[in-house]
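S.K.: My file is data-v3.csv. It has CSV, C-alpha atoms and all ligand atoms:
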```csv
chain,number,residue,atom,x,y,z
O,1,MET,CA,-48.5,165.7,241.7
O,2,LYS,CA,-48.1,169.3,240.7
O,3,LYS,CA,-49.1,169.4,237.0
O,4,ARG,CA,-49.3,173.1,236.0
O,5,VAL,CA,-45.7,173.9,236.0
O,6,ILE,CA,-43.4,176.6,234.7
O,7,LEU,CA,-39.7,175.8,234.1
O,8,MET,CA,-37.5,178.8,234.5
O,9,GLY,CA,-33.8,179.4,234.3
O,10,PRO,CA,-31.0,180.9,232.1
O,11,PRO,CA,-30.6,179.9,228.4
O,12,GLY,CA,-28.7,176.6,228.3
O,13,GLY,CA,-29.6,175.9,231.9
O,14,GLY,CA,-31.2,172.5,231.0
O,15,LYS,CA,-34.9,173.5,230.7
O,16,GLY,CA,-35.3,171.8,227.3
O,17,THR,CA,-33.3,168.7,228.3
O,18,GLN,CA,-35.4,168.2,231.5
O,19,ALA,CA,-38.7,168.9,229.7
O,20,VAL,CA,-38.2,166.0,227.3
O,21,THR,CA,-38.2,163.5,230.2
O,22,LEU,CA,-40.5,165.4,232.5
O,23,LYS,CA,-43.4,165.7,230.0
O,24,GLU,CA,-43.4,161.9,229.7
O,25,ALA,CA,-43.2,161.2,233.4
O,26,MET,CA,-45.9,163.8,234.1
O,27,LYS,CA,-48.0,163.0,231.1
O,28,VAL,CA,-48.5,166.7,230.3
O,29,PRO,CA,-47.7,168.7,227.1
O,30,HIS,CA,-44.4,170.5,226.8
O,31,ILE,CA,-45.1,174.0,225.7
O,32,SER,CA,-41.9,175.8,224.6
O,33,THR,CA,-42.3,179.3,223.3
O,34,GLY,CA,-38.8,179.0,221.8
O,35,ASP,CA,-39.9,175.9,219.8
O,36,MET,CA,-43.1,177.6,218.8
O,37,LEU,CA,-41.3,180.7,217.5
O,38,ARG,CA,-38.7,178.7,215.6
O,39,ALA,CA,-41.5,176.6,214.0
O,40,ALA,CA,-43.2,179.9,213.0
O,41,ARG,CA,-40.0,181.2,211.6
O,42,LYS,CA,-39.4,178.0,209.6
O,43,ALA,CA,-43.0,178.0,208.3
O,44,GLY,CA,-42.5,181.7,207.2
O,45,THR,CA,-45.6,182.9,209.0
O,46,GLU,CA,-46.2,186.6,209.8
O,47,LEU,CA,-45.3,185.9,213.5
O,48,GLY,CA,-42.2,184.0,212.4
O,49,LYS,CA,-41.0,186.9,210.2
O,50,LYS,CA,-41.5,189.4,213.0
O,51,ALA,CA,-39.8,187.2,215.6
O,52,ASP,CA,-36.8,186.3,213.4
O,53,ALA,CA,-34.7,189.5,214.0
O,54,TYR,CA,-35.2,189.3,217.7
O,55,ILE,CA,-34.2,185.7,218.0
O,56,SER,CA,-31.2,186.1,215.8
O,57,ALA,CA,-30.0,189.0,217.9
O,58,GLY,CA,-30.5,187.1,221.2
O,59,GLN,CA,-33.2,189.6,222.3
O,60,LEU,CA,-36.7,188.8,223.6
O,61,VAL,CA,-39.6,188.9,221.1
O,62,PRO,CA,-42.1,191.6,222.1
O,63,ASP,CA,-44.6,190.5,224.8
O,64,GLU,CA,-47.7,191.0,222.7
O,65,LEU,CA,-46.5,188.6,220.0
O,66,VAL,CA,-45.7,185.8,222.5
O,67,ASN,CA,-48.7,186.3,224.9
O,68,GLY,CA,-51.1,185.7,222.0
O,69,ILE,CA,-49.7,182.3,220.9
O,70,VAL,CA,-49.4,181.1,224.5
O,71,ALA,CA,-53.0,182.1,225.5
O,72,GLU,CA,-54.3,180.3,222.4
O,73,ARG,CA,-52.3,177.1,223.2
O,74,LEU,CA,-53.1,177.0,226.9
O,75,ALA,CA,-56.8,177.4,226.2
O,76,GLN,CA,-56.7,173.9,224.7
O,77,GLU,CA,-55.1,172.3,227.8
O,78,ASN,CA,-57.1,171.3,230.9
O,79,ASP,CA,-55.0,168.6,232.5
O,80,GLY,CA,-51.7,170.4,233.2
O,81,PHE,CA,-48.8,171.7,231.2
O,82,LEU,CA,-45.1,172.2,231.3
O,83,LEU,CA,-44.3,175.7,230.2
O,84,ASP,CA,-40.7,176.1,229.1
O,85,GLY,CA,-39.3,179.6,228.3
O,86,TYR,CA,-42.6,181.4,229.2
O,87,PRO,CA,-43.2,183.7,231.0
O,88,ARG,CA,-39.9,185.6,230.5
O,89,THR,CA,-41.0,189.1,231.6
O,90,VAL,CA,-43.2,190.5,234.3
O,91,ALA,CA,-45.7,191.6,231.7
O,92,GLN,CA,-45.9,188.0,230.4
O,93,ALA,CA,-46.4,186.7,233.9
O,94,ASP,CA,-49.2,189.3,234.4
O,95,ALA,CA,-50.8,188.2,231.2
O,96,LEU,CA,-50.8,184.6,232.3
O,97,GLU,CA,-52.3,185.5,235.6
O,98,ALA,CA,-54.9,187.7,234.0
O,99,ALA,CA,-55.9,184.8,231.7
O,100,GLY,CA,-56.8,182.9,234.8
O,101,GLN,CA,-54.2,180.2,234.5
O,102,ALA,CA,-53.5,178.7,237.9
O,103,ILE,CA,-49.9,177.6,238.4
O,104,ASP,CA,-48.9,174.9,240.8
O,105,ALA,CA,-45.1,175.5,240.8
O,106,VAL,CA,-42.4,177.5,239.2
O,107,VAL,CA,-39.2,175.4,239.0
O,108,LEU,CA,-36.0,177.5,238.7
O,109,ILE,CA,-33.1,175.6,237.4
O,110,ASP,CA,-30.2,177.6,238.8
O,111,VAL,CA,-26.9,177.5,236.9
O,112,PRO,CA,-24.0,180.0,237.3
O,113,ASP,CA,-23.3,182.2,234.2
O,114,GLU,CA,-19.8,180.9,233.7
O,115,LEU,CA,-21.1,177.4,232.9
O,116,ILE,CA,-23.7,178.6,230.4
O,117,VAL,CA,-21.5,179.6,227.5
O,118,SER,CA,-19.6,176.3,227.3
O,119,ARG,CA,-22.8,174.4,227.7
O,120,ILE,CA,-24.6,176.2,224.8
O,121,VAL,CA,-21.8,176.5,222.4
O,122,GLY,CA,-21.5,172.6,222.3
O,123,ARG,CA,-25.2,172.1,222.1
O,124,VAL,CA,-27.0,170.4,219.2
O,125,SER,CA,-30.7,169.4,219.0
O,126,CYS,CA,-33.1,167.4,217.0
O,127,PRO,CA,-35.7,169.5,215.1
O,128,GLY,CA,-37.9,166.4,214.9
O,129,CYS,CA,-38.4,165.4,218.5
O,130,GLY,CA,-36.7,168.2,220.5
O,131,CYS,CA,-34.0,166.0,222.1
O,132,VAL,CA,-31.0,168.0,223.1
O,133,TYR,CA,-27.3,166.7,223.1
O,134,HIS,CA,-23.9,168.2,223.9
O,135,LYS,CA,-21.0,167.4,221.6
O,136,GLU,CA,-18.7,166.6,224.6
O,137,THR,CA,-20.8,166.0,227.7
O,138,MET,CA,-23.8,164.3,226.2
O,139,PRO,CA,-23.0,163.1,222.7
O,140,PRO,CA,-25.5,161.0,220.6
O,141,LYS,CA,-24.5,157.4,220.0
O,142,THR,CA,-23.9,158.2,216.3
O,143,ASP,CA,-22.4,161.6,215.5
O,144,GLY,CA,-25.0,164.0,214.2
O,145,ILE,CA,-28.0,161.7,214.5
O,146,CYS,CA,-30.7,161.7,217.1
O,147,ASP,CA,-30.7,158.5,219.3
O,148,LYS,CA,-34.5,158.7,219.8
O,149,CYS,CA,-35.9,159.3,216.3
O,150,GLY,CA,-33.0,159.2,213.8
O,151,GLY,CA,-33.3,162.9,212.9
O,152,THR,CA,-30.4,165.0,211.8
O,153,LEU,CA,-29.0,167.1,214.7
O,154,VAL,CA,-28.5,170.8,214.1
O,155,GLN,CA,-27.0,173.7,216.0
O,156,ARG,CA,-29.3,176.7,216.6
O,157,ASN,CA,-28.1,179.9,214.9
O,158,ASP,CA,-28.6,181.8,218.2
O,159,ASP,CA,-26.2,179.4,220.0
O,160,ARG,CA,-23.1,181.4,218.9
O,161,GLU,CA,-21.1,182.9,221.7
O,162,ASP,CA,-21.9,186.6,221.0
O,163,VAL,CA,-25.6,185.9,220.8
O,164,VAL,CA,-25.5,183.7,223.9
O,165,ARG,CA,-24.0,186.6,225.9
O,166,GLU,CA,-26.9,188.8,224.7
O,167,ARG,CA,-29.4,186.1,225.7
O,168,LEU,CA,-27.8,185.9,229.2
O,169,ALA,CA,-28.1,189.7,229.5
O,170,ALA,CA,-31.8,189.6,228.6
O,171,TYR,CA,-32.3,186.8,231.1
O,172,HIS,CA,-30.8,188.8,234.0
O,173,LYS,CA,-32.5,192.1,233.1
O,174,GLN,CA,-36.0,190.9,232.0
O,175,THR,CA,-36.5,187.4,233.4
O,176,GLN,CA,-34.8,187.3,236.7
O,177,PRO,CA,-37.4,189.7,238.3
O,178,LEU,CA,-39.8,186.8,238.0
O,179,VAL,CA,-37.8,185.0,240.8
O,180,ASP,CA,-39.2,187.6,243.2
O,181,TYR,CA,-42.6,187.7,241.5
O,182,TYR,CA,-43.2,184.0,242.0
O,183,GLY,CA,-41.3,183.9,245.3
O,184,LYS,CA,-43.8,186.3,246.7
O,185,ARG,CA,-46.7,184.1,245.5
O,186,GLY,CA,-45.1,181.1,247.3
O,187,LEU,CA,-44.7,179.2,244.0
O,188,LEU,CA,-41.0,179.3,243.4
O,189,VAL,CA,-38.8,176.2,244.0
O,190,THR,CA,-35.1,176.3,243.1
O,191,VAL,CA,-33.1,173.3,242.0
O,192,ASN,CA,-29.3,173.1,241.6
O,193,GLY,CA,-28.7,172.9,237.8
O,194,ASN,CA,-25.0,172.5,238.2
O,195,ALA,CA,-25.4,168.7,238.4
O,196,SER,CA,-25.9,165.7,236.1
O,197,VAL,CA,-29.1,165.5,234.0
O,198,ASP,CA,-30.3,162.6,236.2
O,199,GLU,CA,-29.6,164.5,239.4
O,200,VAL,CA,-31.4,167.6,238.2
O,201,PHE,CA,-34.4,165.4,237.2
O,202,ASP,CA,-34.5,163.8,240.6
O,203,GLN,CA,-34.5,167.1,242.3
O,204,ILE,CA,-37.4,168.3,240.1
O,205,ARG,CA,-39.3,165.0,240.7
O,206,LYS,CA,-39.2,165.6,244.4
O,207,VAL,CA,-40.4,169.1,244.3
O,208,LEU,CA,-43.2,168.3,241.9
O,209,GLU,CA,-44.2,165.3,244.2
O,210,PHE,CA,-44.2,162.4,241.7
A,1,LIG,P1,-35.4,179.5,223.9
A,1,LIG,O1,-35.5,178.3,223.0
A,1,LIG,O2,-36.4,179.3,225.0
A,1,LIG,O3,-34.0,179.7,224.4
A,1,LIG,O4,-35.8,180.8,223.1
A,1,LIG,C1,-35.1,181.2,222.0
A,1,LIG,C2,-35.4,182.6,221.6
A,1,LIG,O5,-36.8,182.8,221.3
A,1,LIG,C3,-35.2,183.6,222.8
A,1,LIG,O6,-33.8,184.1,222.8
A,1,LIG,C4,-36.1,184.8,222.4
A,1,LIG,O7,-35.6,185.5,221.3
A,1,LIG,C5,-37.3,184.0,221.8
A,1,LIG,N1,-38.3,183.7,222.9
A,1,LIG,C6,-38.6,182.4,223.4
A,1,LIG,N2,-39.5,182.5,224.4
A,1,LIG,C7,-39.8,183.8,224.6
A,1,LIG,C8,-40.6,184.6,225.4
A,1,LIG,N3,-41.4,184.0,226.4
A,1,LIG,N4,-40.6,185.9,225.3
A,1,LIG,C9,-39.9,186.6,224.4
A,1,LIG,N5,-39.1,185.9,223.5
A,1,LIG,C10,-39.0,184.6,223.6
```
Turn this file's structure into structure tokens for me.
M.R.:
Amino acid sequence: MKKRVILMGPPGGGKGTQAVTLKEAMKVPHISTGDMLRAARKAGTELGKKADAYISAGQLVPDELVNGIVAERLAQENDGFLLDGYPRTVAQADALEAAGQAIDAVVLIDVPDELIVSRIVGRVSCPGCGCVYHKETMPPKTDGICDKCGGTLVQRNDDREDVVRERLAAYHKQTQPLVDYYGKRGLLVTVNGNASVDEVFDQIRKVLEF
């Protein structure tokens, strides 16, 4: 099984949703820089304060802030990881490589832009366990309550349509070059994200060989 894995794809492409089931199936930690930055913002740390304006505007947080927290976190892992939302720029991918982190696979969840906005605008998630729902296509059993842990579901403040469009622009400009970067290294596998959650999971399971 490939265990040192990067999940890549546009915002709202299903990375977080897949990560929740993948981390259990693969028995590896789910490391999401978005979750780490939101936790820092909530805790009011220096990092959180610096990151806040970028996140709210739908822009990427500067590389040097993100590289530091990921390097620290990955240094604690020696039996695989599922990286979600990192790297997002070529400079971040270079930093990961320079840190000597071997990667087994980069899974690109490919979703056309026109689907992204409707997916994100209906999205709610559980701050407790990270489960993600969609008000129309994947509603929780009880409105506003997490099926898994009973937490209260919330909408992210960067899931507004205007901010989503900024995030998509950042993805195309800054993150998409990584498709080539990892393609050249023979690590990139692309799955079709325009499918049901189970179908996407099944495609990922096959490419990660478990
Ligand atoms: P996500 O939850 O992955 O969609 O991330 C939410 C926001 O956190 C992004 O729009 C960025 O502002 C910030 N962020 C998350 N990961 C990174 C990263 N690797 N580099 C820069 N900014 C990031």
S.K.: Enumerate residues in contact with ligand LIG 1 (chain A): an atom-to-atom distance of at most 10 Å, counting all atoms listed in the file. Format the result as a PyMOL selection string.
M.R.: chain O and resi 8-13+15-16+32-38+51-67+70+83-89+91-93+156+158-159+163-164+166-168+170-171+174-175
S.K.: List as a list in words the protein and nucleic acid residues near region 105-122 of chain O, meaning an atom at most 6 Å away when all atoms listed in the file are counted, but skip any in the same chain fewer than 2 places from it.
M.R.: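 Result of the neighbour search: Val5, Ile6, Leu7, Met8, Gly9, Gly12, Gly13, Ile103, His134, Lys135, Asp159, Leu187, Leu188, Val189, Thr190, Val191, Asn192, Gly193 and Asn194 of chain O.
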S.K.: Could you write those residues out with C-alpha atoms, as an mmCIF file, keeping the file's coordinate frame?
M.R.:
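Generated output (out31.cif):
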```cif
data_model
loop_
_atom_site.group_PDB
_atom_site.id
_atom_site.type_symbol
_atom_site.label_atom_id
_atom_site.label_comp_id
_atom_site.auth_asym_id
_atom_site.auth_seq_id
_atom_site.Cartn_x
_atom_site.Cartn_y
_atom_site.Cartn_z
ATOM 1 C CA VAL O 5 -45.700 173.900 236.000
ATOM 2 C CA ILE O 6 -43.400 176.600 234.700
ATOM 3 C CA LEU O 7 -39.700 175.800 234.100
ATOM 4 C CA MET O 8 -37.500 178.800 234.500
ATOM 5 C CA GLY O 9 -33.800 179.400 234.300
ATOM 6 C CA GLY O 12 -28.700 176.600 228.300
ATOM 7 C CA GLY O 13 -29.600 175.900 231.900
ATOM 8 C CA ILE O 103 -49.900 177.600 238.400
ATOM 9 C CA HIS O 134 -23.900 168.200 223.900
ATOM 10 C CA LYS O 135 -21.000 167.400 221.600
ATOM 11 C CA ASP O 159 -26.200 179.400 220.000
ATOM 12 C CA LEU O 187 -44.700 179.200 244.000
ATOM 13 C CA LEU O 188 -41.000 179.300 243.400
ATOM 14 C CA VAL O 189 -38.800 176.200 244.000
ATOM 15 C CA THR O 190 -35.100 176.300 243.100
ATOM 16 C CA VAL O 191 -33.100 173.300 242.000
ATOM 17 C CA ASN O 192 -29.300 173.100 241.600
ATOM 18 C CA GLY O 193 -28.700 172.900 237.800
ATOM 19 C CA ASN O 194 -25.000 172.500 238.200
#
```
S.K.: Counting only C-alpha atoms, which residues sit no farther than 9 Å from the position (-28.5, 163.5, 222.2) in the file's frame? I'd like them as a ChimeraX atom specification.
M.R.: /O:124-126,131-135,138-141,144-148,153
S.K.: Find the spatial neighbours of Phe210 (chain O), counting all atoms listed in the file, within a cut-off of 12 Å - ignore same-chain residues fewer than 4 positions away - and output them as a ChimeraX atom specification.
M.R.: /O:1-3,22,25-27,201-206
S.K.: Edge lengths and centre, in Å to one decimal, as JSON: that's what I need for the box along x, y and z that holds all listed atoms of region 67-70 of chain O plus 3 Å on each side.
M.R.:
```
{"center_x": -49.9, "center_y": 183.7, "center_z": 222.9, "size_x": 8.4, "size_y": 11.2, "size_z": 10.0}
```
S.K.: For Gly100 (chain O), which residue out of O:Ala169, O:Leu74, O:Leu82, O:Val20 is the nearest one, using all atoms listed in the file?
M.R.: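 For Gly100 (chain O), the nearest of the given residues is O:Leu74.
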S.K.: Which residue gives the smallest distance to Gln101 (chain O) among O:Ala40, O:Ala75, O:Leu47, O:Val179, with all atoms listed in the file counted?
M.R.: O:Ala75
S.K.: For CA of Ala98 (chain O) and CA of Thr17 (chain O), quote the distance in Å rounded to one decimal.
M.R.: 29.3 Å
S.K.: CA of Pro177 (chain O) to CA of Asp104 (chain O): how many Å, to one decimal?
M.R.: 18.9 Å
S.K.: One decimal, Å: what's the distance from CA of Lys184 (chain O) over to CA of Arg165 (chain O), could you say?
M.R.: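 Distance reported for this atom pair: 28.7 Å.
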S.K.: For each of O:Phe81, O:Val207, O:Thr137, O:Arg73, take the minimum atom-to-atom distance to Glu24 (chain O), counting only C-alpha atoms, then give the residue where this is smallest.
M.R.: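 Among the listed residues, the smallest separation from Glu24 (chain O) belongs to O:Phe81.
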S.K.: Which one is closest to Asn78 (chain O): O:Leu96, O:Arg4, O:Glu136, O:Gly150? Count all atoms listed in the file.
M.R.: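 Between O:Leu96, O:Arg4, O:Glu136, O:Gly150, the residue approaching Asn78 (chain O) most closely is O:Arg4.
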